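Engineer: Pasting in a structure now, in structure tokens, and then I'll have a few things to ask.
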Amino acid sequence: MSTQPLPLDGITVVAVEQAVAAPFATRQLTDLGARVIKIERPDGGDFARGYDTAARGLSSHFVWCNRGKESVAIDLKDPRGLAVVRRLMADADVFVQNLAQGAAARLGLDAAALCAAHPRLVAVDISGYGAEGPYAHKRAYDMLVQCEAGLVSVTGTPGQQVKAGIPAADIAAGMYAFSGVLAALLRRATTGRGGPVEISMLDSLAEWMGHPLHYGMHGGETPARTGLAHAAITPYDAYRTADGEQVLLSVQNDREWRRLAEQVLHRPELADDPAFATNTARTANRERTDAVVGQALARLTGTEALAGLDTAGIACARLNTVADVAAHPQLAARDRWREVASPVGALRTLLPPITLPGGAGTPMGAVPALGEHTDATLRALGMTDEQTAALRRDGVIVGTALSGGPDRS
């Protein structure tokens, strides 16, 4: 049986991107086979390259979002550099940008302008708050949008609001940009025309606020912050075991509560006790319910507690650290880890979540050095070595020497 090609094999993406939202979106496209040409500033590139040095000297953010891309370092403020990007657009299928509001339009690289010039192009504008409205020109970083979208108001404990530990607003916008590109490409396949795609971080995260948002709008009050617990389901929390582990469990209905009471708590009378028999009663008596569950699990080790809960058919989990996730037996058993090349050597990373059995494997390309593909890209556009050298000399580009080593010219 022949192997199916990757879905986006043959699709070329040009991205003027930085930070997380757009790079995360375009990395999903590389995972499905697209060629992504990442346009970076010559003076340091995508500023996410400098967020940290945790990945053996490279930024963990950059490694996560940029494997498999081609880095072209070029100054878009120089007309010669902008002309190069315009030439790239002639053969591109998708363009993605998340520059500061208004910057792309000043360069003529906004979605509306590009789609007017290239009718088959799918062009994505990612912004913090959208192109219009009183917030259009506000700076929009992940934590700020988490606060504006109300996520922080429902995250944390009763006494402390906290932001999500991952860049939730960036990821939400990136995933909607990714799915927007796929939808626009599907439409192009039937109509022959691409078109603009508009994504805002606030719109994206506000959509993810669906349950608390609708609960608050229609129920008249905001869901309480309950830490690891659930505002409306009990028991649903972390409980400490005899060896100091924390085991989480979730009882979703009264049938499960009966099994928990009989098989794990060994208190079968609690199944019919009016104070515990229904979820409404258990939630009204949350402290008593949690005390009963906590006392039972405190007599067991973490392994014993999880085994008992699994046997009883109760949803449960360990409260893992990041290190625990890196050594997670399920990820190892399913062979989810790979190594990708980078300027500092091989780095361990996860396969993307989308699995397409029977198709070509995920490319898992290298994390690029700044400007690693500049020279090759310009040659493919027909530029001579002399023209490229002149751009390099004037600081319009940063690239690599013909030998593949660092650019010293």
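Going by the structure tokens order, chains are called A, B, ..., each with residues numbered from 1, while ligands are numbered from 1 in the order shown.
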Write out as an MDAnalysis selection string each polymer residue whose atoms come within 12 Å of Ala277 of chain A, counting only C-alpha atoms; drop sequence neighbours fewer than 3 positions from it.

Structural biologist: chainID A and resid 234:235 251 253:261 268:274 280:285 289

Engineer: Neighbours of segment 40-43 of chain A within 12 Å (only C-alpha atoms; same-chain residues fewer than 5 positions away dropped), as an MDAnalysis selection string?

Structural biologist: chainID A and resid 14:19 23 48:50 66 69:78 81:82 85 97 99 368:374 391:392 394:399

Engineer: Would you mind exporting N, CA and C atoms of the selected residues as a CSV table (one decimal), in the first residue's frame?

Structural biologist:
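Done, and the output landed in part.csv:
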chain,number,residue,atom,x,y,z
A,14,VAL,N,4.7,32.0,3.7
A,14,VAL,CA,5.6,33.1,4.1
A,14,VAL,C,5.0,33.7,5.4
A,15,ALA,N,5.9,33.8,6.4
A,15,ALA,CA,5.4,34.3,7.7
A,15,ALA,C,6.3,35.4,8.2
A,16,VAL,N,5.7,36.6,8.4
A,16,VAL,CA,6.4,37.7,9.1
A,16,VAL,C,5.9,37.6,10.5
A,17,GLU,N,6.6,36.9,11.4
A,17,GLU,CA,6.1,36.5,12.7
A,17,GLU,C,7.0,36.7,13.8
A,18,GLN,N,6.5,36.7,15.0
A,18,GLN,CA,7.3,36.9,16.2
A,18,GLN,C,6.5,36.4,17.4
A,19,ALA,N,7.3,36.2,18.5
A,19,ALA,CA,6.7,35.7,19.7
A,19,ALA,C,6.1,34.3,19.6
A,23,PRO,N,4.0,32.1,15.2
A,23,PRO,CA,4.9,31.0,15.1
A,23,PRO,C,4.3,29.6,15.4
A,48,ALA,N,11.5,36.2,20.2
A,48,ALA,CA,11.4,35.1,21.1
A,48,ALA,C,12.7,34.3,21.2
A,49,ARG,N,13.6,34.5,20.2
A,49,ARG,CA,14.9,33.9,20.3
A,49,ARG,C,15.6,34.3,21.6
A,50,GLY,N,15.3,35.4,22.2
A,50,GLY,CA,15.9,35.9,23.4
A,50,GLY,C,15.1,35.8,24.7
A,66,ASN,N,9.3,26.7,16.3
A,66,ASN,CA,9.9,27.1,15.0
A,66,ASN,C,10.7,26.0,14.3
A,69,LYS,N,11.3,25.2,10.0
A,69,LYS,CA,11.1,26.4,9.2
A,69,LYS,C,12.4,26.9,8.5
A,70,GLU,N,12.3,27.7,7.5
A,70,GLU,CA,13.4,28.3,6.9
A,70,GLU,C,13.5,29.7,7.3
A,71,SER,N,14.7,30.1,7.9
A,71,SER,CA,14.8,31.4,8.4
A,71,SER,C,15.5,32.3,7.4
A,72,VAL,N,14.8,33.4,7.0
A,72,VAL,CA,15.3,34.4,6.1
A,72,VAL,C,15.4,35.7,6.9
A,73,ALA,N,16.6,36.2,7.1
A,73,ALA,CA,16.7,37.4,7.9
A,73,ALA,C,16.9,38.6,7.0
A,74,ILE,N,15.9,39.5,7.0
A,74,ILE,CA,15.8,40.6,6.0
A,74,ILE,C,15.2,41.8,6.6
A,75,ASP,N,15.7,43.0,6.3
A,75,ASP,CA,15.1,44.2,6.8
A,75,ASP,C,14.0,44.7,5.9
A,76,LEU,N,12.8,44.6,6.5
A,76,LEU,CA,11.6,45.0,5.7
A,76,LEU,C,11.5,46.5,5.6
A,77,LYS,N,12.2,47.3,6.4
A,77,LYS,CA,12.1,48.7,6.4
A,77,LYS,C,13.0,49.3,5.2
A,78,ASP,N,13.9,48.4,4.7
A,78,ASP,CA,14.6,48.8,3.5
A,78,ASP,C,13.8,48.4,2.3
A,81,GLY,N,14.7,45.1,0.8
A,81,GLY,CA,14.3,43.9,1.6
A,81,GLY,C,12.8,43.6,1.4
A,82,LEU,N,12.0,44.7,1.4
A,82,LEU,CA,10.6,44.5,1.2
A,82,LEU,C,10.3,44.0,-0.2
A,85,VAL,N,10.5,40.2,-0.2
A,85,VAL,CA,9.3,39.5,0.3
A,85,VAL,C,8.2,39.6,-0.7
A,97,GLN,N,1.0,37.0,9.4
A,97,GLN,CA,1.8,38.0,10.1
A,97,GLN,C,1.1,38.4,11.4
A,99,LEU,N,2.6,41.3,13.3
A,99,LEU,CA,3.3,42.5,13.6
A,99,LEU,C,2.4,43.4,14.5
A,368,PRO,N,15.9,26.4,13.0
A,368,PRO,CA,16.9,27.2,12.2
A,368,PRO,C,17.7,28.2,13.0
A,369,ALA,N,18.9,28.4,12.5
A,369,ALA,CA,19.7,29.5,13.0
A,369,ALA,C,19.2,30.8,12.3
A,370,LEU,N,19.4,31.9,12.9
A,370,LEU,CA,19.0,33.2,12.3
A,370,LEU,C,19.6,33.4,10.9
A,371,GLY,N,18.7,33.5,9.9
A,371,GLY,CA,19.2,33.7,8.5
A,371,GLY,C,19.8,32.5,7.9
A,372,GLU,N,19.6,31.4,8.4
A,372,GLU,CA,20.2,30.1,7.8
A,372,GLU,C,19.9,29.9,6.4
A,373,HIS,N,18.7,30.3,6.0
A,373,HIS,CA,18.2,30.0,4.6
A,373,HIS,C,18.1,31.3,3.7
A,374,THR,N,18.7,32.4,4.2
A,374,THR,CA,18.6,33.6,3.4
A,374,THR,C,19.2,33.5,2.1
A,391,LEU,N,23.5,43.3,-0.5
A,391,LEU,CA,22.5,43.4,0.5
A,391,LEU,C,23.1,43.1,1.9
A,392,ARG,N,23.9,42.1,1.9
A,392,ARG,CA,24.6,41.7,3.2
A,392,ARG,C,25.5,42.8,3.7
A,394,ASP,N,25.2,45.9,3.2
A,394,ASP,CA,24.4,47.1,3.6
A,394,ASP,C,23.6,46.8,4.8
A,395,GLY,N,23.6,45.6,5.3
A,395,GLY,CA,22.9,45.2,6.5
A,395,GLY,C,21.4,44.9,6.2
A,396,VAL,N,21.0,44.7,5.0
A,396,VAL,CA,19.7,44.5,4.6
A,396,VAL,C,19.3,43.0,4.9
A,397,ILE,N,20.3,42.1,4.9
A,397,ILE,CA,20.1,40.7,5.1
A,397,ILE,C,21.2,40.2,6.1
A,398,VAL,N,20.9,39.1,6.7
A,398,VAL,CA,21.8,38.3,7.4
A,398,VAL,C,21.7,36.9,6.8
A,399,GLY,N,22.8,36.3,6.4
A,399,GLY,CA,22.7,34.9,5.8
A,399,GLY,C,23.9,34.1,6.2

Engineer: Nearest to Ala360 of chain A: which of A:Pro223, A:Pro134, A:Gly210, A:Pro5 is it, counting only C-alpha atoms?

Structural biologist: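 Nearest to Ala360 of chain A: A:Pro5.
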
Engineer: If you run DSSP on this backbone, which residues of segment 293-342 of chain A come out as strand (DSSP E), and could you give them as JSON, numbers by chain?

Structural biologist: {"A": [315, 316, 317, 318, 337, 338, 339, 340]}

Engineer: Can you check which parts of segment 45-105 of chain A lie within 12 Å of segment 180-191 of chain A? Per residue, the shortest pair of atoms and distance in Å to one decimal, counting only C-alpha atoms, sorted by chain and number, as CSV.

Structural biologist:
residue,atom,partner,partner_atom,distance
A:Asp93,CA,A:Leu185,CA,8.5
A:Val94,CA,A:Val181,CA,7.6
A:Phe95,CA,A:Val181,CA,9.4
A:Val96,CA,A:Val181,CA,9.2

Engineer: What does the file look like for those residues with N, CA, C and O atoms, as a short mmCIF file (atom, residue, chain, number, x, y, z; two decimals), in the first residue's frame?

Structural biologist:
data_model
loop_
_atom_site.label_atom_id
_atom_site.label_comp_id
_atom_site.auth_asym_id
_atom_site.auth_seq_id
_atom_site.Cartn_x
_atom_site.Cartn_y
_atom_site.Cartn_z
N ASP A 93 1.36 30.33 -1.08
CA ASP A 93 -0.06 29.95 -0.92
C ASP A 93 -0.67 30.62 0.30
O ASP A 93 -1.88 30.90 0.31
N VAL A 94 0.16 30.86 1.30
CA VAL A 94 -0.33 31.40 2.58
C VAL A 94 0.65 32.45 3.07
O VAL A 94 1.88 32.29 2.93
N PHE A 95 0.12 33.52 3.63
CA PHE A 95 0.93 34.53 4.29
C PHE A 95 0.36 34.73 5.69
O PHE A 95 -0.85 34.84 5.86
N VAL A 96 1.25 34.78 6.69
CA VAL A 96 0.82 34.97 8.07
C VAL A 96 1.66 36.08 8.69
O VAL A 96 2.89 36.10 8.53
#
